[in-house]
Structures are given as structure tokens and as C-alpha cells.
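Undergrad: My structure is stored as coords.pdb, with PDB, C-alpha atoms.
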ATOM      1  CA  MET A  30       0.000   0.000   0.000
ATOM      2  CA  PRO A  31       1.304   3.482  -0.784
ATOM      3  CA  PHE A  32       0.420   4.636   2.721
ATOM      4  CA  SER A  33       3.217   2.456   4.051
ATOM      5  CA  ARG A  34       5.468   5.302   2.916
ATOM      6  CA  LEU A  35       3.956   7.491   5.611
ATOM      7  CA  ALA A  36       4.574   4.905   8.307
ATOM      8  CA  THR A  37       8.325   5.365   7.983
ATOM      9  CA  ALA A  38       8.257   9.158   7.547
ATOM     10  CA  THR A  39      10.166  11.050  10.196
ATOM     11  CA  THR A  40       8.559  14.498   9.885
ATOM     12  CA  PRO A  41       5.883  15.230  12.520
ATOM     13  CA  THR A  42       3.569  16.532   9.793
ATOM     14  CA  ALA A  43       3.735  13.420   7.595
ATOM     15  CA  HIS A  44       0.299  12.360   8.828
ATOM     16  CA  LEU A  45      -1.234  15.696   7.930
ATOM     17  CA  GLY A  46      -2.375  15.909   4.326
ATOM     18  CA  LEU A  47      -3.447  18.669   1.970
ATOM     19  CA  GLY A  48      -6.897  18.534   0.376
ATOM     20  CA  LEU A  49      -7.510  20.647  -2.729
ATOM     21  CA  ALA A  50     -11.280  21.083  -2.542
ATOM     22  CA  ALA A  51     -11.012  24.768  -1.642
ATOM     23  CA  VAL A  52      -8.525  25.803  -4.342
ATOM     24  CA  GLY A  53      -9.321  23.606  -7.329
ATOM     25  CA  ARG A  54     -12.457  25.586  -8.206
ATOM     26  CA  PRO A  55     -13.693  29.144  -7.625
ATOM     27  CA  GLY A  56     -16.735  28.240  -5.526
ATOM     28  CA  TYR A  57     -16.948  26.143  -2.351
ATOM     29  CA  ILE A  58     -18.847  26.073   0.957
ATOM     30  CA  THR A  59     -15.961  27.076   3.217
ATOM     31  CA  LEU A  60     -16.668  30.195   5.258
ATOM     32  CA  ASP A  61     -14.779  33.449   4.538
ATOM     33  CA  ARG A  62     -13.729  32.528   1.003
ATOM     34  CA  ALA A  63     -13.864  36.149  -0.117
ATOM     35  CA  ALA A  64     -11.180  36.994   2.437
ATOM     36  CA  ASP A  65      -9.111  33.960   1.439
ATOM     37  CA  LEU A  66      -9.374  34.115  -2.352
ATOM     38  CA  GLY A  67     -10.680  37.554  -3.244
ATOM     39  CA  GLU A  68     -13.396  38.007  -5.830
ATOM     40  CA  GLY A  69     -13.859  37.940  -9.598
ATOM     41  CA  ASP A  70     -10.543  38.087 -11.440
ATOM     42  CA  ASP A  71      -8.724  36.803  -8.367
ATOM     43  CA  ARG A  72     -10.264  33.381  -9.031
ATOM     44  CA  THR A  73      -9.229  32.812 -12.622
ATOM     45  CA  VAL A  74      -7.938  29.389 -13.602
ATOM     46  CA  GLU A  75      -4.360  30.607 -13.736
ATOM     47  CA  ASN A  76      -4.562  32.421 -10.408
ATOM     48  CA  LEU A  77      -5.928  29.341  -8.660
ATOM     49  CA  ARG A  78      -3.347  27.165 -10.409
ATOM     50  CA  THR A  79      -0.614  29.444  -9.022
ATOM     51  CA  ARG A  80      -2.173  29.426  -5.555
ATOM     52  CA  THR A  81      -2.460  25.636  -5.592
ATOM     53  CA  HIS A  82       1.188  25.277  -6.549
ATOM     54  CA  GLU A  83       2.203  27.676  -3.766
ATOM     55  CA  LEU A  84       0.241  25.597  -1.276
ATOM     56  CA  LEU A  85       1.743  22.358  -2.555
ATOM     57  CA  ASP A  86       5.261  23.813  -2.332
ATOM     58  CA  ALA A  87       4.651  24.979   1.232
ATOM     59  CA  ALA A  88       3.039  21.708   2.256
ATOM     60  CA  TYR A  89       5.849  19.586   0.866
ATOM     61  CA  ALA A  90       8.523  21.810   2.405
ATOM     62  CA  GLN A  91       6.834  21.415   5.797
ATOM     63  CA  GLY A  92       6.651  17.640   5.635
ATOM     64  CA  VAL A  93       3.205  16.948   4.211
ATOM     65  CA  ARG A  94       3.230  13.789   2.109
ATOM     66  CA  TYR A  95      -0.428  13.022   1.294
ATOM     67  CA  LEU A  96      -2.205  15.098  -1.391
ATOM     68  CA  ASP A  97      -5.952  14.754  -2.027
ATOM     69  CA  ALA A  98      -7.950  15.766  -5.105
ATOM     70  CA  ALA A  99     -11.200  14.715  -6.821
ATOM     71  CA  ARG A 100     -12.845  14.784 -10.231
ATOM     72  CA  SER A 101     -15.432  17.219  -8.847
ATOM     73  CA  TYR A 102     -12.906  19.657  -7.359
ATOM     74  CA  GLY A 103     -12.814  21.723 -10.536
ATOM     75  CA  ARG A 104      -9.281  21.491 -11.954
ATOM     76  CA  SER A 105      -7.642  20.086  -8.848
ATOM     77  CA  GLU A 106      -6.268  17.010 -10.613
ATOM     78  CA  GLU A 107      -4.878  19.177 -13.401
ATOM     79  CA  PHE A 108      -3.253  21.610 -10.973
ATOM     80  CA  LEU A 109      -1.753  18.737  -8.971
ATOM     81  CA  ALA A 110      -0.480  16.964 -12.091
ATOM     82  CA  ASP A 111       1.151  20.166 -13.336
ATOM     83  CA  TRP A 112       2.901  20.570 -10.003
ATOM     84  CA  LEU A 113       4.137  16.966  -9.977
ATOM     85  CA  LYS A 114       5.479  17.290 -13.520
ATOM     86  CA  SER A 115       7.355  20.474 -12.649
ATOM     87  CA  ARG A 116       8.973  18.818  -9.631
ATOM     88  CA  PRO A 117      10.261  15.439 -10.808
ATOM     89  CA  ASP A 118      12.345  15.083  -7.651
ATOM     90  CA  VAL A 119       9.153  14.811  -5.560
ATOM     91  CA  THR A 120       8.761  11.044  -5.514
ATOM     92  CA  ASP A 121       7.705  10.343  -1.929
ATOM     93  CA  VAL A 122       4.188  11.800  -1.880
ATOM     94  CA  VAL A 123       1.002   9.731  -1.850
ATOM     95  CA  VAL A 124      -1.568  11.022  -4.351
ATOM     96  CA  GLY A 125      -5.270  10.370  -3.919
ATOM     97  CA  SER A 126      -8.280  11.354  -5.979
ATOM     98  CA  LYS A 127     -11.975  10.503  -6.067
ATOM     99  CA  TRP A 128     -14.651   9.639  -8.583
ATOM    100  CA  GLY A 129     -18.437   9.692  -8.288
ATOM    101  CA  TYR A 130     -19.202  13.400  -8.628
ATOM    102  CA  THR A 131     -18.959  15.449 -11.820
ATOM    103  CA  TYR A 132     -18.065  19.136 -11.611
ATOM    104  CA  THR A 133     -20.835  21.118 -13.320
ATOM    105  CA  ALA A 134     -20.316  24.743 -12.226
ATOM    106  CA  GLY A 135     -18.393  25.820 -15.334
ATOM    107  CA  TRP A 136     -15.866  27.797 -13.273
ATOM    108  CA  THR A 137     -18.536  30.015 -11.714
ATOM    109  CA  THR A 138     -19.594  30.572  -8.108
ATOM    110  CA  ASP A 139     -23.328  30.969  -8.755
ATOM    111  CA  ALA A 140     -24.179  27.800 -10.664
ATOM    112  CA  GLU A 141     -27.518  26.164  -9.906
ATOM    113  CA  ARG A 142     -25.645  22.888  -9.296
ATOM    114  CA  HIS A 143     -21.940  22.689  -8.643
ATOM    115  CA  GLU A 144     -21.578  18.908  -8.816
ATOM    116  CA  VAL A 145     -23.688  15.896  -9.766
ATOM    117  CA  LYS A 146     -23.406  12.548  -8.014
ATOM    118  CA  ASP A 147     -23.301   9.272  -9.947
ATOM    119  CA  HIS A 148     -21.905   6.053  -8.472
ATOM    120  CA  SER A 149     -22.665   3.870 -11.490
ATOM    121  CA  LEU A 150     -20.174   1.644 -13.268
ATOM    122  CA  ALA A 151     -20.437   3.880 -16.332
ATOM    123  CA  ALA A 152     -19.506   6.930 -14.261
ATOM    124  CA  TYR A 153     -16.515   5.077 -12.829
ATOM    125  CA  GLU A 154     -15.297   4.019 -16.273
ATOM    126  CA  ARG A 155     -15.583   7.565 -17.628
ATOM    127  CA  GLN A 156     -13.979   9.302 -14.667
ATOM    128  CA  ARG A 157     -11.247   6.692 -14.253
ATOM    129  CA  ALA A 158     -10.181   7.368 -17.845
ATOM    130  CA  GLU A 159     -10.256  11.121 -17.176
ATOM    131  CA  THR A 160      -8.149  10.808 -14.042
ATOM    132  CA  GLU A 161      -5.671   8.474 -15.738
ATOM    133  CA  ALA A 162      -5.254  10.937 -18.606
ATOM    134  CA  ILE A 163      -4.314  13.659 -16.124
ATOM    135  CA  LEU A 164      -2.441  11.941 -13.295
ATOM    136  CA  GLY A 165      -1.218   8.814 -15.064
ATOM    137  CA  ASP A 166       0.921   6.567 -12.913
ATOM    138  CA  ARG A 167       1.181   9.180 -10.152
ATOM    139  CA  LEU A 168      -2.263   8.152  -8.880
ATOM    140  CA  ASP A 169      -1.874   5.985  -5.775
ATOM    141  CA  LEU A 170      -5.406   5.988  -4.352
ATOM    142  CA  TYR A 171      -8.791   6.188  -6.101
ATOM    143  CA  GLN A 172     -11.791   6.658  -3.832
ATOM    144  CA  ILE A 173     -15.544   6.499  -4.342
ATOM    145  CA  HIS A 174     -16.703  10.004  -3.465
ATOM    146  CA  SER A 175     -19.212  10.428  -0.603
ATOM    147  CA  VAL A 176     -20.668   6.967  -0.147
ATOM    148  CA  THR A 177     -23.928   6.855   1.813
ATOM    149  CA  PRO A 178     -25.755   3.724   3.007
ATOM    150  CA  ASP A 179     -28.058   3.792  -0.032
ATOM    151  CA  SER A 180     -25.257   4.168  -2.581
ATOM    152  CA  PRO A 181     -25.365   1.615  -5.408
ATOM    153  CA  ALA A 182     -21.580   1.466  -5.123
ATOM    154  CA  LEU A 183     -22.049  -0.747  -2.072
ATOM    155  CA  THR A 184     -24.012  -3.417  -3.942
ATOM    156  CA  ASP A 185     -22.934  -3.229  -7.607
ATOM    157  CA  LYS A 186     -20.943  -6.425  -8.154
ATOM    158  CA  ASP A 187     -19.834  -5.416 -11.641
ATOM    159  CA  LEU A 188     -18.414  -2.186 -10.232
ATOM    160  CA  HIS A 189     -16.694  -4.127  -7.457
ATOM    161  CA  ALA A 190     -15.070  -6.379 -10.044
ATOM    162  CA  ARG A 191     -13.742  -3.388 -11.995
ATOM    163  CA  LEU A 192     -12.424  -1.775  -8.824
ATOM    164  CA  ALA A 193     -10.717  -5.045  -7.917
ATOM    165  CA  GLU A 194      -9.053  -5.025 -11.347
ATOM    166  CA  ALA A 195      -7.696  -1.539 -10.644
ATOM    167  CA  ALA A 196      -6.398  -2.762  -7.293
ATOM    168  CA  ALA A 197      -4.678  -5.704  -8.979
ATOM    169  CA  GLN A 198      -2.945  -3.216 -11.268
ATOM    170  CA  GLY A 199      -1.552  -1.299  -8.300
ATOM    171  CA  VAL A 200      -4.080   1.438  -7.512
ATOM    172  CA  THR A 201      -5.338   1.370  -3.945
ATOM    173  CA  VAL A 202      -9.142   1.422  -3.803
ATOM    174  CA  GLY A 203     -10.956   3.397  -1.127
ATOM    175  CA  PHE A 204     -14.122   5.326  -0.393
ATOM    176  CA  SER A 205     -15.197   8.509   1.327
ATOM    177  CA  THR A 206     -18.387   9.146   3.290
ATOM    178  CA  SER A 207     -20.675  12.038   4.103
ATOM    179  CA  GLY A 208     -24.021  12.661   5.757
ATOM    180  CA  PRO A 209     -25.503  11.811   9.152
ATOM    181  CA  ARG A 210     -25.206   8.037   8.578
ATOM    182  CA  GLN A 211     -21.479   7.863   7.910
ATOM    183  CA  ALA A 212     -21.042   5.043  10.419
ATOM    184  CA  ASP A 213     -23.595   2.874   8.607
ATOM    185  CA  ALA A 214     -21.881   3.522   5.268
ATOM    186  CA  ILE A 215     -18.464   2.636   6.689
ATOM    187  CA  ARG A 216     -19.679  -0.641   8.162
ATOM    188  CA  ALA A 217     -21.472  -1.584   4.945
ATOM    189  CA  ALA A 218     -18.321  -0.891   2.934
ATOM    190  CA  LEU A 219     -16.218  -2.998   5.279
ATOM    191  CA  ALA A 220     -18.411  -5.970   4.351
ATOM    192  CA  VAL A 221     -17.769  -5.615   0.595
ATOM    193  CA  THR A 222     -15.524  -8.386  -0.721
ATOM    194  CA  VAL A 223     -14.350  -9.642  -4.094
ATOM    195  CA  ASP A 224     -13.298 -13.301  -4.283
ATOM    196  CA  GLY A 225     -13.383 -13.410  -0.511
ATOM    197  CA  GLU A 226     -11.014 -10.455  -0.027
ATOM    198  CA  PRO A 227     -11.971  -7.008   1.310
ATOM    199  CA  LEU A 228     -12.247  -4.528  -1.568
ATOM    200  CA  PHE A 229     -11.529  -1.258   0.204
ATOM    201  CA  ARG A 230      -8.198  -0.376   1.776
ATOM    202  CA  THR A 231      -8.884   3.221   2.842
ATOM    203  CA  VAL A 232     -11.797   5.255   4.180
ATOM    204  CA  GLN A 233     -12.072   9.057   4.195
ATOM    205  CA  SER A 234     -14.714  10.527   6.495
ATOM    206  CA  THR A 235     -15.811  13.775   8.073
ATOM    207  CA  TYR A 236     -14.772  13.926  11.718
ATOM    208  CA  ASN A 237     -14.209  16.979  13.879
ATOM    209  CA  ILE A 238     -14.969  18.450  17.279
ATOM    210  CA  LEU A 239     -18.565  19.099  16.230
ATOM    211  CA  GLU A 240     -19.176  15.809  14.348
ATOM    212  CA  THR A 241     -17.775  12.703  16.034
ATOM    213  CA  SER A 242     -20.424  10.126  15.149
ATOM    214  CA  ALA A 243     -18.207   8.190  12.715
ATOM    215  CA  GLY A 244     -15.513   7.628  15.342
ATOM    216  CA  PRO A 245     -16.413   4.085  16.472
ATOM    217  CA  ALA A 246     -16.859   2.881  12.869
ATOM    218  CA  LEU A 247     -13.544   4.482  11.858
ATOM    219  CA  ALA A 248     -11.888   2.629  14.738
ATOM    220  CA  GLU A 249     -13.390  -0.601  13.368
ATOM    221  CA  ALA A 250     -12.066   0.231   9.909
ATOM    222  CA  HIS A 251      -8.604   0.861  11.325
ATOM    223  CA  ASP A 252      -8.721  -2.450  13.201
ATOM    224  CA  ALA A 253      -9.700  -4.134   9.911
ATOM    225  CA  GLY A 254      -6.521  -2.805   8.315
ATOM    226  CA  LEU A 255      -7.837   0.234   6.448
ATOM    227  CA  THR A 256      -6.011   3.553   6.431
ATOM    228  CA  VAL A 257      -8.322   6.220   7.839
ATOM    229  CA  ILE A 258      -8.225   9.689   6.266
ATOM    230  CA  VAL A 259     -10.088  12.474   8.069
ATOM    231  CA  LYS A 260     -11.637  15.322   6.075
ATOM    232  CA  GLU A 261     -13.381  18.514   7.145
ATOM    233  CA  GLY A 262     -11.526  18.671  10.431
ATOM    234  CA  MET A 263     -12.262  22.407  10.470
ATOM    235  CA  ALA A 264     -15.993  21.887   9.802
ATOM    236  CA  ASN A 265     -15.853  24.041   6.658
ATOM    237  CA  GLY A 266     -14.460  26.961   8.629
ATOM    238  CA  ARG A 267     -16.802  26.772  11.622
ATOM    239  CA  LEU A 268     -13.823  25.973  13.868
ATOM    240  CA  ALA A 269     -11.564  28.719  12.502
ATOM    241  CA  ALA A 270     -10.828  31.684  14.765
ATOM    242  CA  PRO A 271     -13.531  34.097  13.522
ATOM    243  CA  HIS A 272     -16.280  31.507  14.058
ATOM    244  CA  ALA A 273     -14.853  29.153  16.715
ATOM    245  CA  PRO A 274     -16.974  28.497  19.819
ATOM    246  CA  GLU A 275     -15.726  30.020  23.064
ATOM    247  CA  PRO A 276     -14.336  26.818  24.650
ATOM    248  CA  LEU A 277     -12.157  26.230  21.583
ATOM    249  CA  ARG A 278     -10.935  29.832  21.625
ATOM    250  CA  ALA A 279     -10.068  29.496  25.315
ATOM    251  CA  VAL A 280      -8.077  26.293  24.830
ATOM    252  CA  ALA A 281      -6.295  27.777  21.822
ATOM    253  CA  GLU A 282      -5.269  30.788  23.896
ATOM    254  CA  GLU A 283      -3.869  28.472  26.563
ATOM    255  CA  THR A 284      -1.779  26.595  24.014
ATOM    256  CA  GLY A 285      -0.539  29.757  22.311
ATOM    257  CA  LEU A 286      -1.614  28.371  18.941
ATOM    258  CA  GLY A 287      -4.617  28.842  16.687
ATOM    259  CA  CYS A 288      -8.095  27.406  17.013
ATOM    260  CA  ASP A 289      -7.424  25.498  13.793
ATOM    261  CA  ALA A 290      -4.319  23.815  15.188
ATOM    262  CA  VAL A 291      -6.184  22.768  18.328
ATOM    263  CA  ALA A 292      -9.160  21.458  16.336
ATOM    264  CA  LEU A 293      -6.909  19.319  14.142
ATOM    265  CA  ALA A 294      -4.808  18.212  17.135
ATOM    266  CA  VAL A 295      -7.912  16.715  18.732
ATOM    267  CA  ILE A 296      -8.276  14.465  15.688
ATOM    268  CA  LEU A 297      -4.586  13.552  15.573
ATOM    269  CA  ARG A 298      -4.933  12.121  19.066
ATOM    270  CA  GLU A 299      -7.246   9.409  17.798
ATOM    271  CA  PRO A 300      -5.253   6.164  17.424
ATOM    272  CA  TRP A 301      -7.179   5.299  14.264
ATOM    273  CA  ALA A 302      -6.443   8.576  12.434
ATOM    274  CA  GLY A 303      -3.931   7.779   9.702
ATOM    275  CA  VAL A 304      -4.029  11.090   7.819
ATOM    276  CA  VAL A 305      -5.794  14.305   8.817
ATOM    277  CA  LEU A 306      -6.424  16.711   5.946
ATOM    278  CA  SER A 307      -5.856  20.427   5.906
ATOM    279  CA  GLY A 308      -8.215  22.205   3.555
ATOM    280  CA  ALA A 309      -6.222  25.432   3.652
ATOM    281  CA  ALA A 310      -6.737  28.043   0.953
ATOM    282  CA  THR A 311      -3.694  30.152   1.887
ATOM    283  CA  VAL A 312      -0.130  29.371   2.921
ATOM    284  CA  VAL A 313      -0.706  31.198   6.210
ATOM    285  CA  GLN A 314      -3.676  28.939   6.960
ATOM    286  CA  LEU A 315      -1.688  25.861   5.998
ATOM    287  CA  THR A 316       1.229  26.736   8.247
ATOM    288  CA  SER A 317      -1.140  27.378  11.135
ATOM    289  CA  ASN A 318      -2.936  24.057  10.480
ATOM    290  CA  LEU A 319       0.351  22.168  10.524
ATOM    291  CA  HIS A 320       1.087  23.432  14.036
ATOM    292  CA  ALA A 321      -1.460  20.801  15.092
ATOM    293  CA  ALA A 322       1.399  18.309  15.208
ATOM    294  CA  ALA A 323       2.933  20.320  18.080
ATOM    295  CA  VAL A 324      -0.210  20.755  20.204
ATOM    296  CA  ASP A 325      -0.211  18.782  23.458
ATOM    297  CA  LEU A 326      -3.704  18.871  24.935
ATOM    298  CA  THR A 327      -4.455  18.029  28.569
ATOM    299  CA  ASP A 328      -7.327  15.831  29.716
ATOM    300  CA  ASP A 329      -8.982  18.924  31.190
ATOM    301  CA  GLN A 330      -8.797  20.783  27.889
ATOM    302  CA  LEU A 331     -10.234  17.818  26.013
ATOM    303  CA  ALA A 332     -13.054  17.549  28.544
ATOM    304  CA  ARG A 333     -13.947  21.203  28.007
ATOM    305  CA  LEU A 334     -14.103  20.686  24.236
ATOM    306  CA  ALA A 335     -16.209  17.514  24.386
ATOM    307  CA  PRO A 336     -19.594  19.249  24.960
ATOM    308  CA  LEU A 337     -19.237  21.032  21.605
ATOM    309  CA  THR A 338     -20.296  17.853  19.799
ATOM    310  CA  GLU A 339     -23.566  18.156  17.888
ATOM    311  CA  THR A 340     -25.970  15.449  16.816
ATOM    312  CA  PRO A 341     -25.193  14.178  13.298
ATOM    313  CA  GLU A 342     -28.559  15.411  12.089
ATOM    314  CA  ALA A 343     -27.960  18.944  13.389
ATOM    315  CA  TYR A 344     -24.415  19.065  12.044
ATOM    316  CA  TRP A 345     -25.297  17.911   8.543
ATOM    317  CA  GLN A 346     -28.371  20.127   8.381
ATOM    318  CA  HIS A 347     -26.122  23.101   9.156
ATOM    319  CA  ARG A 348     -23.549  21.978   6.599
ATOM    320  CA  GLY A 349     -26.206  21.467   3.961
ATOM    321  CA  ALA A 350     -27.363  25.051   4.423
ATOM    322  CA  LEU A 351     -23.907  26.578   3.846
ATOM    323  CA  PRO A 352     -23.902  28.656   0.662
ATOM    324  CA  TRP A 353     -21.396  28.218  -2.140
ATOM    325  CA  HIS A 354     -19.109  31.266  -2.074
TER     326      HIS A 354
END
Output the file's structure as C-alpha cells, nothing else.

TA:
Amino acid sequence: MPFSRLATATTPTAHLGLGLAAVGRPGYITLDRAADLGEGDDRTVENLRTRTHELLDAAYAQGVRYLDAARSYGRSEEFLADWLKSRPDVTDVVVGSKWGYTYTAGWTTDAERHEVKDHSLAAYERQRAETEAILGDRLDLYQIHSVTPDSPALTDKDLHARLAEAAAQGVTVGFSTSGPRQADAIRAALAVTVDGEPLFRTVQSTYNILETSAGPALAEAHDAGLTVIVKEGMANGRLAAPHAPEPLRAVAEETGLGCDAVALAVILREPWAGVVLSGAATVVQLTSNLHAAAVDLTDDQLARLAPLTETPEAYWQHRGALPWH
């Protein structure tokens, strides 16, 4: 598995990754995007390509070794591939992408629909060819994007067979989850086998101080041998300093670091967390996120943060109402 490379990494930030959802396209649901990216001409393809490359340079220089894109993240695969080609000496990163959503916003922020979900075999075949044309043999991990318990990807045997073929050719096969029933989706995916062998080797799920419901299922996945990748550790900006709840601000002040670093440090403490993603849109944000590796939280501080947890239904209702900026 490509993630074995991270197991031997010596940098403290090797288990922090960089996700490109916020910079691969002009519109996203992260709070404060206008402050991060500017407006209008600031979000041209070339400007976001340059910003993405700056983030990738900074991440790599600071020890980050997992990079995460998706077909639906605008031009994230293209930006990442360009960066990899321009830096042939960078051979120790693990590159992941996802299929299952198609980007439909046409490089605008006010599209009626920004992405369309399709977990069919035909969608996989089309998007796999698209990803291969862009990333080629640099792709290490291909994930089904946002599996829910009712996803046909959990029961489509023909799809499973094609994914198993990709795995036999050297691409690690994984899945991501979203929604209030993440735990159910994870457990259903763990039961998927091809020729008696588990199909999935990684799981990427939303987990943060506000949304912890997937934790027990992620622990089960880890115990089953899957690498666990955590996304949305900042709750789409809700845990960043301008919006962070008071207990998080208080603990951050005690540590002398940012609310973001504390929020990500809470996740890093979980023994099942293999990689925790930063979704930074600026180098300053990224550097602050990476300080999470240095945060040492006390039991008292953790106890004060615990009551911030919301019910899955409340959390995902709030997330679903976030506007695309």
C-alpha cells in the first residue's frame, strides 16, 4: 500500500495531508472565502493554479506527504499533475483522488448545481479514464466520493469487479463518506468483498470536534486494516478563529496556537487517524494548520471541548445550508 510510505516518515507533519477542494475551483462552501481568495478576477484558472502550486510547495517543504484531489474539485487534478510534472524530484508523496461526482459549475460561483453525483459503473469508467489521462501513474489511491448507506456502489458487483481489477494493477481502492449516517456507510463498505477479499483499503470521512459520530466505525475500519483519512476537520471553517466556539478559543489561547491547530490536534490524538487533511486556501492557513502536530492537549482541555459535539442530524443540516461562495 502506498500509505506504508507514511509509516516510515520522520517528519511530525507526515500524517497531515493537503486537500484541494477549496482551491481547485472558484466556488466552495468554506466560510470566509472572499477573504481567502478575493473576488472575480482573483479566481481565474491561472490564479488558482498558481495558488495551488504555492500551497503544494509549502506543504511539501513542511513535511506533508499526502495530497488529495477529486474529479469534482474543478481542476484540482490538473493543478496537482502540473505541479508533480514540474517537480520530478518529488517522488515520496502519496496522491489520492476521487470519482463519483462530476463538476458542473463551469468555473462560476453561482451555478444552480456545482456537482452531480453518480456512483454507477459507467460513471466510474468515464472518470477513471479522465483521471488516468491527467495523473497517469502518479495516482496511488482512487476513492468512491461520498458513499452513503443507499449508494449503489455498495451493492454493484460489476463495479466491485472493476475496482478489484484496478487494485490488482496497483491502484489502492478506497471510499469517502458524508451525511448523518457515515457510520452505517463505513460498516457496509467494510463488508464488501471480491473473491473473498476485502475490496476497500482506505476510508475518508468527516470527523471533527462538532461531528464525532463516525468515530467508532472508523476505529473498526482501522482495526480491519484500512487507512483512515479524516476530512473537514475544520468543519468548513466553523472551527476557525472568527467563528470558533468560546471553549475552543479558550483552549487555543492556553496553548498559544490557533483554534485550527487545536481542532486538528484533537483528531490527531485518535489512534485510528492515519491522515488528517488540511483544507487550507492560503499558505498562512496551511502553516497554522500544521502546528497541530505540536499541540499537546491536557485531559482537562479535552473535557472542556467535548460538549461542543452536535448530533449528526444537526451538524449535517447546518452543513447542507452553507452557501457556495

Undergrad: Excluding Asp86 (chain A) and its own-chain neighbours fewer than 2 positions away, which residues fall within 12 Å of it when counting only C-alpha atoms? Please give them as a PyMOL selection string.

TA: chain A and resi 47+79-84+88-94+96+109+112-113+115-116+119+311-312+315-316

Undergrad: Please, what distance in Å, to one decimal, runs between CA of Asn318 (chain A) and CA of Arg278 (chain A)?

TA: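 Distance reported for this atom pair: 14.9 Å.
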
Undergrad: Work out how far CA of Ser307 (chain A) is from CA of Thr42 (chain A), in Å to one decimal.

TA: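 One can read the CA of Thr42 (chain A) to CA of Ser307 (chain A) distance as 10.9 Å.
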
Undergrad: Pick out the residues sitting within 7 Å of region 267-273 of chain A, and hand them over as a list of chain:residue names; count all atoms listed in the file, and ignore anything fewer than 3 positions along from it in its own chain.

TA: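 Contacts, with the query itself left out: A:Met263, A:Ala264, A:Leu277, A:Arg278, A:Cys288, A:Asp289, A:Ala292.
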
Undergrad: Hey, what comes out of the PyMOL selection byres ((chain A and resi 188) around 12) on this file? Could you write it as a list in words?

TA: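 On the file shown, the PyMOL selection byres ((chain A and resi 188) around 12) covers His148, Ser149, Leu150, Ala151, Ala152, Tyr153, Glu154, Ile173, Pro181, Ala182, Leu183, Thr184, Asp185, Lys186, Asp187, His189, Ala190, Arg191, Leu192, Ala193, Glu194, Ala195, Val202, Val221, Thr222, Val223 and Leu228 of chain A.
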
Undergrad: Taking (-6.3, 21.3, -6.0) as a centre in this file's frame and 8 Å as the limit, can you find every polymer residue with an atom that close, using all atoms listed in the file, and give them as a list in words?

TA: Gly48, Leu49, Ala50, Ala51, Val52, Gly53, Arg54, Arg78, Thr81, Asp97, Ala98, Tyr102, Gly103, Arg104, Ser105, Glu106, Glu107, Phe108 and Leu109 of chain A

Undergrad: Check the smallest atom-to-atom distance from each of A:Thr138, A:Ala350, A:Met30, A:Ser317 to Phe229 (chain A) using all atoms listed in the file, then report the winner.

TA: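 Using all atoms listed in the file, Phe229 (chain A) sits closest to A:Met30.
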
Undergrad: I'd like the neighbourhood of region 125-131 of chain A as an MDAnalysis selection string, where a residue qualifies if any of its atoms comes within 6 Å (using only C-alpha atoms), though same-chain residues fewer than 4 positions away should be ignored.

TA: chainID A and resid 97:101 144:148 169:174

Undergrad: Residues picked by the PyMOL selection byres ((chain A and resi 265) around 12) here, as a PyMOL selection string?

TA: chain A and resi 50-51+57-62+235-237+239-240+260-264+266-269+272-273+289+306-310+344-345+347-354

Undergrad: Please determine, counting only C-alpha atoms, which residue among A:Asp121, A:Ser234, A:Ala321, A:Glu141 has the shortest atom-to-atom distance to Ser175 (chain A).

TA: A:Ser234

Undergrad: Once you count all atoms listed in the file, what closest atom pair and distance in Å to one decimal does each residue of region 228-320 of chain A within 9 Å of region 215-219 of chain A have, with rows by chain and rising residue number, as a Markdown table?

TA:
| residue | atom | partner | partner_atom | distance |
| --- | --- | --- | --- | --- |
| A:Leu228 | CA | A:Leu219 | CA | 8.1 |
| A:Phe229 | CA | A:Leu219 | CA | 7.1 |
| A:Val232 | CA | A:Ile215 | CA | 7.6 |
| A:Ser234 | CA | A:Ile215 | CA | 8.7 |
| A:Ala243 | CA | A:Ile215 | CA | 8.2 |
| A:Ala246 | CA | A:Ile215 | CA | 6.4 |
| A:Leu247 | CA | A:Ile215 | CA | 7.4 |
| A:Glu249 | CA | A:Arg216 | CA | 8.2 |
| A:Ala250 | CA | A:Leu219 | CA | 7.0 |
| A:Ala253 | CA | A:Leu219 | CA | 8.1 |

Undergrad: Give the centre and edge lengths of an axis-aligned box, in Å to one decimal, that holds all listed atoms of region 275-278 of chain A with 5 Å on each side, as JSON.

TA:
{"center_x": -13.3, "center_y": 28.1, "center_z": 23.1, "size_x": 14.8, "size_y": 13.8, "size_z": 13.1}
